[in-house]
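What follows is the content of coords-v7.pdb, which has PDB, C-alpha atoms:
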ATOM      1  CA  LEU A   1     283.023  38.691-174.308
ATOM      2  CA  HIS A   2     285.937  41.023-174.974
ATOM      3  CA  LEU A   3     285.634  43.511-172.132
ATOM      4  CA  VAL A   4     287.140  46.977-172.407
ATOM      5  CA  ILE A   5     287.093  49.199-169.343
ATOM      6  CA  GLU A   6     288.302  52.798-169.404
ATOM      7  CA  PHE A   7     288.617  55.051-166.387
ATOM      8  CA  VAL A   8     290.350  58.226-165.221
ATOM      9  CA  PRO A   9     291.547  58.336-161.574
ATOM     10  CA  ARG A  10     290.835  61.562-159.774
ATOM     11  CA  SER A  11     293.754  60.992-157.382
ATOM     12  CA  LEU A  12     296.973  58.968-157.186
ATOM     13  CA  ILE A  13     296.597  55.170-156.972
ATOM     14  CA  SER A  14     299.788  53.462-155.811
ATOM     15  CA  ALA A  15     301.242  49.983-156.239
ATOM     16  CA  GLY A  16     299.319  47.337-154.272
ATOM     17  CA  GLU A  17     296.114  49.381-154.262
ATOM     18  CA  THR A  18     293.140  48.146-156.222
ATOM     19  CA  VAL A  19     290.490  49.268-158.654
ATOM     20  CA  THR A  20     287.355  47.119-158.463
ATOM     21  CA  VAL A  21     284.744  46.908-161.188
ATOM     22  CA  GLU A  22     281.430  45.452-160.040
ATOM     23  CA  LEU A  23     279.821  43.483-162.885
ATOM     24  CA  PRO A  24     276.501  42.050-161.654
ATOM     25  CA  GLY A  25     275.134  39.359-163.912
ATOM     26  CA  PHE A  26     278.555  38.469-165.393
ATOM     27  CA  THR A  27     280.195  35.060-165.000
ATOM     28  CA  ASN A  28     283.025  32.856-166.244
ATOM     29  CA  SER A  29     281.447  29.655-164.909
ATOM     30  CA  ASN A  30     278.932  28.684-167.610
ATOM     31  CA  PHE A  31     276.275  29.798-165.127
ATOM     32  CA  LEU A  32     277.085  27.080-162.588
ATOM     33  CA  GLY A  33     279.182  29.053-160.098
ATOM     34  CA  SER A  34     278.577  28.851-156.370
ATOM     35  CA  GLY A  35     280.174  32.237-155.756
ATOM     36  CA  GLY A  36     283.213  33.376-153.879
ATOM     37  CA  GLY A  37     285.778  31.742-156.165
ATOM     38  CA  SER A  38     288.713  33.909-157.248
ATOM     39  CA  THR A  39     290.294  33.240-160.656
ATOM     40  CA  ALA A  40     293.299  34.899-162.268
ATOM     41  CA  VAL A  41     292.403  36.918-165.352
ATOM     42  CA  SER A  42     294.757  37.465-168.272
ATOM     43  CA  LEU A  43     294.813  41.025-169.564
ATOM     44  CA  GLU A  44     295.846  42.219-172.967
ATOM     45  CA  SER A  45     298.816  44.553-173.392
ATOM     46  CA  PRO A  46     299.508  47.218-172.293
ATOM     47  CA  SER A  47     297.128  46.831-169.334
ATOM     48  CA  SER A  48     298.828  43.512-168.463
ATOM     49  CA  THR A  49     301.994  45.437-167.560
ATOM     50  CA  ILE A  50     300.145  47.727-165.142
ATOM     51  CA  PHE A  51     297.610  45.495-163.409
ATOM     52  CA  THR A  52     297.282  42.020-161.992
ATOM     53  CA  ALA A  53     293.646  40.960-162.448
ATOM     54  CA  TYR A  54     291.399  38.528-160.614
ATOM     55  CA  TRP A  55     287.799  37.541-161.223
ATOM     56  CA  ASN A  56     285.686  37.061-158.106
ATOM     57  CA  GLU A  57     282.609  35.086-159.119
ATOM     58  CA  GLY A  58     279.233  36.040-157.671
ATOM     59  CA  SER A  59     276.781  33.432-156.382
ATOM     60  CA  TYR A  60     274.453  31.916-158.953
ATOM     61  CA  ILE A  61     270.770  32.706-158.527
ATOM     62  CA  ASN A  62     268.281  31.605-161.146
ATOM     63  CA  GLY A  63     266.913  34.562-163.068
ATOM     64  CA  SER A  64     268.140  38.038-163.889
ATOM     65  CA  SER A  65     269.586  38.575-160.383
ATOM     66  CA  GLY A  66     272.167  35.783-160.835
ATOM     67  CA  PHE A  67     275.850  36.483-160.097
ATOM     68  CA  ALA A  68     274.875  39.775-158.505
ATOM     69  CA  THR A  69     278.221  40.166-156.711
ATOM     70  CA  SER A  70     280.694  39.352-159.509
ATOM     71  CA  LEU A  71     283.837  41.533-159.371
ATOM     72  CA  LEU A  72     286.823  42.241-161.571
ATOM     73  CA  ILE A  73     289.633  43.246-159.194
ATOM     74  CA  LEU A  74     292.604  45.122-160.680
ATOM     75  CA  THR A  75     295.695  45.423-158.454
ATOM     76  CA  VAL A  76     298.351  47.951-159.410
ATOM     77  CA  GLN A  77     301.650  46.093-159.922
ATOM     78  CA  ALA A  78     304.860  46.879-158.065
ATOM     79  CA  GLY A  79     306.679  49.842-159.504
ATOM     80  CA  GLN A  80     303.522  51.235-161.117
ATOM     81  CA  ILE A  81     301.316  54.166-160.169
ATOM     82  CA  LEU A  82     298.085  55.508-161.689
ATOM     83  CA  SER A  83     298.292  59.236-162.160
ATOM     84  CA  PRO A  84     295.220  61.407-161.614
ATOM     85  CA  GLY A  85     293.643  62.758-164.799
ATOM     86  CA  THR A  86     295.167  60.041-166.995
ATOM     87  CA  LEU A  87     292.982  57.696-169.059
ATOM     88  CA  TYR A  88     293.636  53.995-168.411
ATOM     89  CA  ARG A  89     292.333  51.238-170.637
ATOM     90  CA  VAL A  90     291.930  47.654-169.424
ATOM     91  CA  GLU A  91     291.179  44.873-171.920
ATOM     92  CA  VAL A  92     289.939  41.433-170.843
ATOM     93  CA  GLY A  93     290.186  38.987-173.750
ATOM     94  CA  PHE A  94     287.828  36.233-174.927
ATOM     95  CA  SER A  95     290.063  33.545-173.405
ATOM     96  CA  ASN A  96     288.860  34.411-169.919
ATOM     97  CA  ARG A  97     285.347  33.236-170.881
ATOM     98  CA  ILE A  98     283.682  36.081-169.001
ATOM     99  CA  GLY A  99     280.190  36.749-170.278
ATOM    100  CA  ALA A 100     276.839  38.142-169.284
ATOM    101  CA  GLN A 101     274.180  35.773-167.977
ATOM    102  CA  CYS A 102     271.434  37.893-169.551
ATOM    103  CA  SER A 103     271.094  41.082-171.549
ATOM    104  CA  VAL A 104     272.663  44.236-170.147
ATOM    105  CA  GLU A 105     271.073  47.603-170.794
ATOM    106  CA  GLU A 106     273.030  50.487-172.259
ATOM    107  CA  ASN A 107     274.562  52.854-169.694
ATOM    108  CA  THR A 108     273.305  50.725-166.844
ATOM    109  CA  ALA A 109     273.851  52.124-163.369
ATOM    110  CA  ASP A 110     274.397  48.597-162.034
ATOM    111  CA  ILE A 111     278.015  48.473-163.225
ATOM    112  CA  THR A 112     280.146  50.426-160.753
ATOM    113  CA  ILE A 113     283.819  51.165-160.145
ATOM    114  CA  SER A 114     285.643  51.805-156.879
ATOM    115  CA  THR A 115     289.138  52.018-155.443
ATOM    116  CA  ASP A 116     290.736  51.472-152.064
ATOM    117  CA  ALA A 117     293.434  54.050-152.734
ATOM    118  CA  VAL A 118     294.636  55.838-149.610
ATOM    119  CA  LEU A 119     294.374  59.176-151.408
ATOM    120  CA  GLY A 120     290.828  59.888-152.573
ATOM    121  CA  GLY A 121     289.378  56.385-152.424
ATOM    122  CA  VAL A 122     285.942  55.962-154.038
ATOM    123  CA  ALA A 123     283.495  53.643-152.300
ATOM    124  CA  SER A 124     281.423  52.919-155.403
ATOM    125  CA  ALA A 125     280.400  55.061-158.360
ATOM    126  CA  PRO A 126     278.388  54.053-161.427
ATOM    127  CA  ILE A 127     280.221  54.106-164.732
ATOM    128  CA  GLU A 128     279.260  56.903-167.104
ATOM    129  CA  THR A 129     278.662  54.879-170.268
ATOM    130  CA  SER A 130     278.402  51.216-171.236
ATOM    131  CA  THR A 131     277.620  49.308-174.395
ATOM    132  CA  PRO A 132     274.429  47.186-174.353
ATOM    133  CA  ILE A 133     274.682  43.412-174.473
ATOM    134  CA  GLY A 134     271.796  41.582-176.118
ATOM    135  CA  SER A 135     268.539  43.308-177.013
ATOM    136  CA  ALA A 136     267.498  44.095-173.406
ATOM    137  CA  CYS A 137     263.858  44.552-174.534
ATOM    138  CA  LYS A 138     264.957  46.916-177.311
ATOM    139  CA  LYS A 139     262.485  45.257-179.675
ATOM    140  CA  LEU A 140     259.794  46.125-177.119
ATOM    141  CA  GLY A 141     260.780  49.769-176.966
ATOM    142  CA  HIS A 142     262.514  49.163-173.627
ATOM    143  CA  CYS A 143     259.022  48.698-172.156
ATOM    144  CA  ASN A 144     258.303  52.334-173.099
ATOM    145  CA  GLY A 145     259.621  53.453-169.746
ATOM    146  CA  ILE A 146     256.444  52.153-168.080
ATOM    147  CA  GLY A 147     257.507  48.614-167.183
ATOM    148  CA  LEU A 148     260.567  46.639-166.142
ATOM    149  CA  CYS A 149     262.512  44.462-168.555
ATOM    150  CA  ASP A 150     263.410  40.935-167.485
ATOM    151  CA  LEU A 151     266.899  40.915-168.927
ATOM    152  CA  CYS A 152     266.977  37.126-169.171
ATOM    153  CA  SER A 153     263.645  36.440-170.824
ATOM    154  CA  GLU A 154     263.625  39.876-172.513
ATOM    155  CA  VAL A 155     259.957  40.216-171.565
ATOM    156  CA  CYS A 156     258.402  43.361-170.098
ATOM    157  CA  SER A 157     256.734  43.299-166.713
ATOM    158  CA  CYS A 158     254.242  46.120-167.203
ATOM    159  CA  ASN A 159     253.102  48.515-164.505
ATOM    160  CA  GLU A 160     249.490  48.364-163.397
ATOM    161  CA  GLY A 161     247.244  49.967-165.967
ATOM    162  CA  THR A 162     249.354  49.024-168.992
ATOM    163  CA  MET A 163     249.350  45.992-171.269
ATOM    164  CA  PRO A 164     252.023  43.571-172.459
ATOM    165  CA  PRO A 165     253.989  42.957-174.523
ATOM    166  CA  ASP A 166     255.559  46.449-174.590
ATOM    167  CA  CYS A 167     253.493  48.322-171.964
ATOM    168  CA  ALA A 168     252.585  50.938-174.604
ATOM    169  CA  LYS A 169     248.843  50.363-174.464
ATOM    170  CA  ARG A 170     246.700  51.359-171.524
ATOM    171  CA  VAL A 171     244.141  49.230-169.712
ATOM    172  CA  CYS A 172     240.698  50.777-169.205
ATOM    173  CA  PRO A 173     238.502  50.433-166.091
ATOM    174  CA  ALA A 174     236.315  47.335-165.882
ATOM    175  CA  GLY A 175     232.713  46.887-164.825
ATOM    176  CA  ALA A 176     229.966  44.265-164.881
ATOM    177  CA  SER A 177     229.397  43.343-168.511
ATOM    178  CA  TRP A 178     226.140  44.388-170.141
ATOM    179  CA  ALA A 179     226.502  41.749-172.861
ATOM    180  CA  SER A 180     228.457  38.706-171.657
ATOM    181  CA  VAL A 181     226.962  35.219-171.778
ATOM    182  CA  PRO A 182     226.305  33.653-168.319
ATOM    183  CA  SER A 183     228.869  31.014-167.416
ATOM    184  CA  SER A 184     226.473  29.148-165.080
ATOM    185  CA  THR A 185     223.046  29.473-163.505
ATOM    186  CA  SER A 186     224.549  31.645-160.776
ATOM    187  CA  ALA A 187     227.367  33.459-162.584
ATOM    188  CA  ALA A 188     226.877  36.234-165.115
ATOM    189  CA  HIS A 189     227.938  39.776-165.961
ATOM    190  CA  GLU A 190     231.650  39.119-165.490
ATOM    191  CA  LYS A 191     233.855  42.190-165.268
ATOM    192  CA  THR A 192     235.098  43.430-168.621
ATOM    193  CA  GLU A 193     236.801  46.560-169.871
ATOM    194  CA  CYS A 194     234.308  49.390-170.343
ATOM    195  CA  SER A 195     231.592  46.895-169.301
ATOM    196  CA  ASP A 196     231.215  45.866-172.968
ATOM    197  CA  ALA A 197     229.404  49.171-173.475
ATOM    198  CA  GLY A 198     232.228  51.259-174.828
ATOM    199  CA  ILE A 199     235.582  51.238-176.568
ATOM    200  CA  CYS A 200     238.847  51.499-174.662
ATOM    201  CA  ASN A 201     241.138  54.280-175.822
ATOM    202  CA  ARG A 202     244.484  52.482-175.503
ATOM    203  CA  SER A 203     246.430  55.740-175.593
ATOM    204  CA  SER A 204     244.637  57.440-172.701
ATOM    205  CA  GLY A 205     243.228  54.481-170.774
ATOM    206  CA  PHE A 206     239.751  56.061-170.783
ATOM    207  CA  CYS A 207     236.532  54.407-171.932
ATOM    208  CA  GLU A 208     234.629  55.990-174.801
ATOM    209  CA  CYS A 209     231.068  54.925-173.951
ATOM    210  CA  PHE A 210     228.317  54.102-176.400
ATOM    211  CA  ASP A 211     225.241  56.355-176.415
ATOM    212  CA  GLY A 212     223.106  55.734-173.362
ATOM    213  CA  PHE A 213     225.988  54.641-171.147
ATOM    214  CA  ALA A 214     228.194  56.621-168.757
ATOM    215  CA  GLY A 215     230.723  56.222-165.958
ATOM    216  CA  ASN A 216     234.479  55.643-166.006
ATOM    217  CA  ALA A 217     233.785  52.025-167.028
ATOM    218  CA  CYS A 218     230.507  52.730-168.912
ATOM    219  CA  GLN A 219     228.944  50.842-166.027
ATOM    220  CA  ARG A 220     225.668  52.728-165.788
ATOM    221  CA  ARG A 221     222.821  53.754-168.059
ATOM    222  CA  THR A 222     222.091  57.407-168.562
ATOM    223  CA  CYS A 223     218.722  59.038-168.063
ATOM    224  CA  PRO A 224     216.880  60.341-171.138
ATOM    225  CA  SER A 225     217.085  64.012-172.033
ATOM    226  CA  TYR A 226     214.651  66.417-173.667
ATOM    227  CA  LYS A 227     215.708  69.662-175.347
ATOM    228  CA  GLY A 228     219.240  69.176-174.048
ATOM    229  CA  LYS A 229     218.258  68.735-170.401
ATOM    230  CA  VAL A 230     218.422  65.488-168.426
ATOM    231  CA  CYS A 231     214.889  64.575-167.336
ATOM    232  CA  SER A 232     213.856  67.818-169.080
ATOM    233  CA  GLY A 233     215.021  69.755-166.047
ATOM    234  CA  HIS A 234     211.833  68.622-164.271
ATOM    235  CA  GLY A 235     213.091  65.516-162.527
ATOM    236  CA  ARG A 236     216.028  63.790-160.887
ATOM    237  CA  CYS A 237     218.094  61.015-162.444
ATOM    238  CA  LEU A 238     218.152  58.241-159.835
ATOM    239  CA  SER A 239     219.331  54.666-159.660
ATOM    240  CA  GLN A 240     217.051  51.674-159.488
ATOM    241  CA  LYS A 241     218.140  51.187-155.882
ATOM    242  CA  GLN A 242     217.219  54.764-154.989
ATOM    243  CA  LEU A 243     213.870  54.599-156.776
ATOM    244  CA  SER A 244     212.976  51.346-155.040
ATOM    245  CA  THR A 245     213.011  53.095-151.657
ATOM    246  CA  MET A 246     210.678  55.937-152.708
ATOM    247  CA  PRO A 247     206.916  55.546-152.174
ATOM    248  CA  ASP A 248     206.190  58.182-154.833
ATOM    249  CA  ALA A 249     208.224  56.483-157.577
ATOM    250  CA  PHE A 250     206.368  54.599-160.314
ATOM    251  CA  PRO A 251     204.907  52.051-160.356
ATOM    252  CA  LEU A 252     203.353  52.969-157.011
ATOM    253  CA  SER A 253     203.158  50.242-154.406
ATOM    254  CA  ASP A 254     202.744  49.881-150.674
ATOM    255  CA  PHE A 255     204.127  46.328-150.644
ATOM    256  CA  HIS A 256     201.580  45.609-147.928
ATOM    257  CA  GLY A 257     203.786  47.568-145.545
ATOM    258  CA  TYR A 258     206.203  49.632-147.587
ATOM    259  CA  ALA A 259     208.583  50.695-144.808
ATOM    260  CA  HIS A 260     208.987  47.119-143.588
ATOM    261  CA  TYR A 261     209.573  45.819-147.105
ATOM    262  CA  VAL A 262     212.209  48.437-147.910
ATOM    263  CA  GLY A 263     214.010  47.783-144.651
ATOM    264  CA  ALA A 264     214.232  44.100-145.520
ATOM    265  CA  LYS A 265     215.190  44.452-149.192
ATOM    266  CA  VAL A 266     217.328  47.569-149.554
ATOM    267  CA  ASN A 267     220.528  45.784-148.513
ATOM    268  CA  SER A 268     219.976  42.761-150.774
ATOM    269  CA  PRO A 269     222.121  43.755-153.786
ATOM    270  CA  THR A 270     221.356  42.992-157.400
ATOM    271  CA  TRP A 271     223.938  43.425-160.152
ATOM    272  CA  ASP A 272     222.082  46.323-161.767
ATOM    273  CA  GLN A 273     220.760  48.197-158.720
ATOM    274  CA  ASP A 274     223.340  50.959-159.141
ATOM    275  CA  THR A 275     223.632  50.770-162.929
ATOM    276  CA  LEU A 276     220.079  51.261-164.227
ATOM    277  CA  PHE A 277     218.844  54.849-163.918
ATOM    278  CA  GLY A 278     215.538  56.558-164.566
ATOM    279  CA  CYS A 279     213.850  59.914-164.130
ATOM    280  CA  HIS A 280     211.886  60.684-160.965
ATOM    281  CA  CYS A 281     209.591  63.462-162.164
ATOM    282  CA  GLU A 282     208.599  66.545-160.212
ATOM    283  CA  SER A 283     205.080  67.042-159.006
ATOM    284  CA  GLY A 284     203.183  70.069-157.740
ATOM    285  CA  TRP A 285     201.063  67.790-155.559
ATOM    286  CA  GLY A 286     201.668  64.814-153.332
ATOM    287  CA  VAL A 287     202.041  61.469-155.123
ATOM    288  CA  GLY A 288     201.388  58.110-153.526
ATOM    289  CA  LEU A 289     198.695  55.761-152.266
ATOM    290  CA  GLY A 290     197.851  57.643-149.088
ATOM    291  CA  GLY A 291     194.939  59.903-148.300
ATOM    292  CA  GLY A 292     195.114  63.219-150.151
ATOM    293  CA  GLU A 293     197.787  61.900-152.514
ATOM    294  CA  ARG A 294     197.415  61.424-156.242
ATOM    295  CA  GLN A 295     198.547  58.479-158.323
ATOM    296  CA  ALA A 296     199.981  60.630-161.108
ATOM    297  CA  SER A 297     202.700  63.295-160.989
ATOM    298  CA  THR A 298     202.605  66.754-162.528
ATOM    299  CA  TYR A 299     205.408  65.897-164.981
ATOM    300  CA  PHE A 300     205.534  62.514-166.666
ATOM    301  CA  GLY A 301     207.132  60.615-169.522
ATOM    302  CA  ALA A 302     210.497  58.853-169.740
ATOM    303  CA  ALA A 303     212.264  62.234-169.691
ATOM    304  CA  CYS A 304     209.551  64.065-167.690
ATOM    305  CA  GLU A 305     208.880  65.857-170.954
ATOM    306  CA  PHE A 306     205.091  66.068-170.509
ATOM    307  CA  ARG A 307     203.007  68.058-168.033
ATOM    308  CA  ARG A 308     199.540  67.249-166.784
ATOM    309  CA  CYS A 309     196.788  69.809-166.468
ATOM    310  CA  PRO A 310     195.032  70.297-163.109
ATOM    311  CA  SER A 311     192.453  67.617-162.264
ATOM    312  CA  GLY A 312     189.638  67.166-159.763
ATOM    313  CA  ASP A 313     186.511  65.171-158.965
ATOM    314  CA  ASP A 314     184.320  64.450-161.978
ATOM    315  CA  PRO A 315     181.031  66.287-161.251
ATOM    316  CA  LEU A 316     179.095  63.866-163.456
ATOM    317  CA  SER A 317     180.026  60.787-161.393
ATOM    318  CA  ILE A 318     177.757  61.342-158.403
ATOM    319  CA  SER A 319     178.615  58.126-156.561
ATOM    320  CA  THR A 320     182.411  58.254-157.011
ATOM    321  CA  ASP A 321     184.983  60.692-155.673
ATOM    322  CA  GLU A 322     187.920  60.481-158.121
ATOM    323  CA  THR A 323     190.159  62.384-155.699
ATOM    324  CA  ASP A 324     189.845  59.625-153.083
ATOM    325  CA  CYS A 325     192.349  56.895-153.943
ATOM    326  CA  THR A 326     191.917  54.906-150.753
ATOM    327  CA  SER A 327     192.266  51.164-151.535
ATOM    328  CA  VAL A 328     192.575  51.930-155.251
ATOM    329  CA  VAL A 329     195.430  49.999-156.889
ATOM    330  CA  ALA A 330     197.659  52.216-158.991
ATOM    331  CA  GLU A 331     198.284  51.277-162.605
ATOM    332  CA  GLY A 332     201.193  48.867-162.669
ATOM    333  CA  GLY A 333     201.367  48.793-158.876
ATOM    334  CA  ARG A 334     200.218  46.332-156.260
TER     335      ARG A 334
END
Go ahead and express the file in the form of structure tokens.
Amino acid sequence: LHLVIEFVPRSLISAGETVTVELPGFTNSNFLGSGGGSTAVSLESPSSTIFTAYWNEGSYINGSSGFATSLLILTVQAGQILSPGTLYRVEVGFSNRIGAQCSVEENTADITISTDAVLGGVASAPIETSTPIGSACKKLGHCNGIGLCDLCSEVCSCNEGTMPPDCAKRVCPAGASWASVPSSTSAAHEKTECSDAGICNRSSGFCECFDGFAGNACQRRTCPSYKGKVCSGHGRCLSQKQLSTMPDAFPLSDFHGYAHYVGAKVNSPTWDQDTLFGCHCESGWGVGLGGGERQASTYFGAACEFRRCPSGDDPLSISTDETDCTSVVAEGGR
């Protein structure tokens, strides 16, 4: 490279004092340096009459952090001084074989300048402007400000929630797939974006669920509605897991000891126990298999959209009391 460095001292820099430019990622060793070596650098006129220059090679590390401590050290020659407020231009020619290991971003804060001048020395300050070297992920929109560019491979490392190659597209939440093909007899419903029940909006990172599905990952089914109300406003939308613990949910069952069965099974998860939902309809009377309970609720239907009329014992069936459901198996139950 042909390096040109311009700076304006803010205070007097005398002969023998130095100006140091830190150039991480730069080398004159064909990328084989072990670091620490100091090499004389030839400057182009007129800077060659003001400074004596040395290149202090940084240690080689594979990857974009290589030569992290490379320095260009400019010593003010005898009989010279750098006046404050004056622009100085230093040119390092091609013959010095100094180049960048990888791309360098425009106006990078990694390149700094300092001085050990007795009057107003600067420990280290980033340069104000610099010209880019290489593409530095320019073709990838500089990772859209959401990821980090590997300046050697010129590949974006995207932040969580964004997608390569340029980090511009968002990743949507994932859930157990409603449609994937099982991969074995014991493996199915792998996690996929939007659970294969919606479309990922790559701009927002939100799932747009198909009808009948809801949740941030479209991971659950919705309950049916009637006249704009979920469960017609006469029931609660509950999960399969919740319904399985309720003795008045249909189909009715006592499981030959309902409480014992629920205690044993409620903590045995299934993939859809919290994803399938249904309406648990209201009732103006007790529902169940016990004495004084009825085996049908006041409201019924998938959306609790129907209502039953009052019922009682059939006066024409002399030998049967239809209000006594003791030992009678409910439809669909056991």
Fill in: Atomic separation - atom CA of Pro24 of chain A relative to atom CA of Gln101 of chain A, Å
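Here the two named atoms are 9.2 Å from each other.
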Item to complete: Convert the output of the PyMOL selection byres ((chain A and resi 286-295) around 6) on the shown file into explicit residues, formatted as JSON, numbers by chain.
Response: {"A": [248, 285, 296]}
Worksheet item: With all atoms listed in the file as the basis for distance, which of A:Phe7, A:Phe210, A:Tyr60, A:Phe94 is at the shortest distance from Leu82 of chain A?
Response: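 Distance minimum relative to Leu82 of chain A lands on A:Phe7.
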Worksheet item: Given the choices A:Gly284, A:Pro165, A:Pro251, A:Gly301, which gets closest to Pro224 of chain A if the distance is worked out from all atoms listed in the file?
Response: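 Smallest distance to Pro224 of chain A is found for A:Gly301.
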Discussion item. Which residues would end up in the selection if the PyMOL selection byres ((chain A and resi 4) around 12) were applied here, given that I need the answer as JSON, numbers by chain?
Written reply: {"A": [1, 2, 3, 5, 6, 7, 21, 43, 44, 45, 47, 72, 88, 89, 90, 91, 92, 93, 94, 98, 129, 130, 131]}
Practice prompt. Could you check how far atom CA of Ala174 of chain A sits from atom CA of Ser195 of chain A, in Å to one decimal?
Written response: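 Between atom CA of Ala174 of chain A and atom CA of Ser195 of chain A the gap is 5.8 Å.
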Worksheet entry | Separation of atom CA of Ser253 of chain A from atom CA of Thr222 of chain A in Å |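 Atom-to-atom, atom CA of Thr222 of chain A to atom CA of Ser253 of chain A, that is 24.7 Å.
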Can you sort out the box for segment 167-182 of chain A, edges along x, y and z, all listed atoms in, 6 Å on every side, with centre and edge lengths in Å to one decimal, as lines of an AutoDock Vina configuration file?
center_x = 239.8
center_y = 42.5
center_z = -169.7
size_x = 39.4
size_y = 29.7
size_z = 21.8
Could you list, as a PDB file with C-alpha atoms, keeping the file's coordinate frame, every residue within 10 Å of Gly141 of chain A, counting all atoms listed in the file and ignoring same-chain residues fewer than 5 positions away?
ATOM      1  CA  ALA A 136     267.498  44.095-173.406  1.00  0.00           C
ATOM      2  CA  CYS A 156     258.402  43.361-170.098  1.00  0.00           C
ATOM      3  CA  PRO A 165     253.989  42.957-174.523  1.00  0.00           C
ATOM      4  CA  ASP A 166     255.559  46.449-174.590  1.00  0.00           C
ATOM      5  CA  CYS A 167     253.493  48.322-171.964  1.00  0.00           C
ATOM      6  CA  ALA A 168     252.585  50.938-174.604  1.00  0.00           C
TER       7      ALA A 168
END
Discussion item. Residues near Asp110 of chain A, anyone? I mean within 9 Å using only C-alpha atoms, not counting same-chain ones fewer than 4 positions away, as a PyMOL selection string.
Written reply: chain A and resi 22-24+126-127
Item to complete: Please provide as a ChimeraX atom specification all residues within 10 Å of Ser311 of chain A, with the sequence filter that same-chain residues fewer than 2 positions apart are discarded (counting all atoms listed in the file).
Response: /A:294,308-309,313-314,322-323
Within 7 Å of (281.0, 35.0, -169.0), only C-alpha atoms: residues as a compact mmCIF listing (two decimals) with C-alpha atoms, in the coordinates of the input?
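Here's the written file out-v6.txt:
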# COMPACT_ATOMS: atom_id res chain seq x y z
CA LEU A 1 283.02 38.69 -174.31
CA PHE A 26 278.56 38.47 -165.39
CA THR A 27 280.20 35.06 -165.00
CA ASN A 28 283.02 32.86 -166.24
CA SER A 29 281.45 29.66 -164.91
CA ASN A 30 278.93 28.68 -167.61
CA ARG A 97 285.35 33.24 -170.88
CA ILE A 98 283.68 36.08 -169.00
CA GLY A 99 280.19 36.75 -170.28
CA ALA A 100 276.84 38.14 -169.28
CA GLN A 101 274.18 35.77 -167.98
Fill in: Residues within 10 Å of (206.9, 57.0, -168.0), file coords, only C-alpha atoms, listed as a PyMOL selection string
chain A and resi 250-251+278-281+299-306
Discussion item. Applying 6 Å and only C-alpha atoms, which residues near Ile73 of chain A remain after dropping the ones on its own chain fewer than 2 positions away? List them as a list in words.
Written reply: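 Returned residues: Thr20, Ala53 and Tyr54 of chain A.
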Worksheet item: Of the residues A:Ile113, A:Gln273, A:Pro9, A:Ala125, which is the one nearest to Thr245 of chain A, using only C-alpha atoms?
Response: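 Selected residue with least distance to Thr245 of chain A: A:Gln273.
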Discussion item. Translate the PyMOL selection byres ((chain A and resi 84) around 9) into a concrete residue list for this structure, as JSON, numbers by chain.
Written reply: {"A": [8, 9, 10, 11, 12, 13, 82, 83, 85, 86, 87]}
Worksheet item: Which residue, A:Arg220, A:Arg170, A:Arg236, A:His189, has the smallest gap to Ser204 of chain A when you use only C-alpha atoms?
Response: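 Of the candidates, the smallest distance to Ser204 of chain A is held by A:Arg170.
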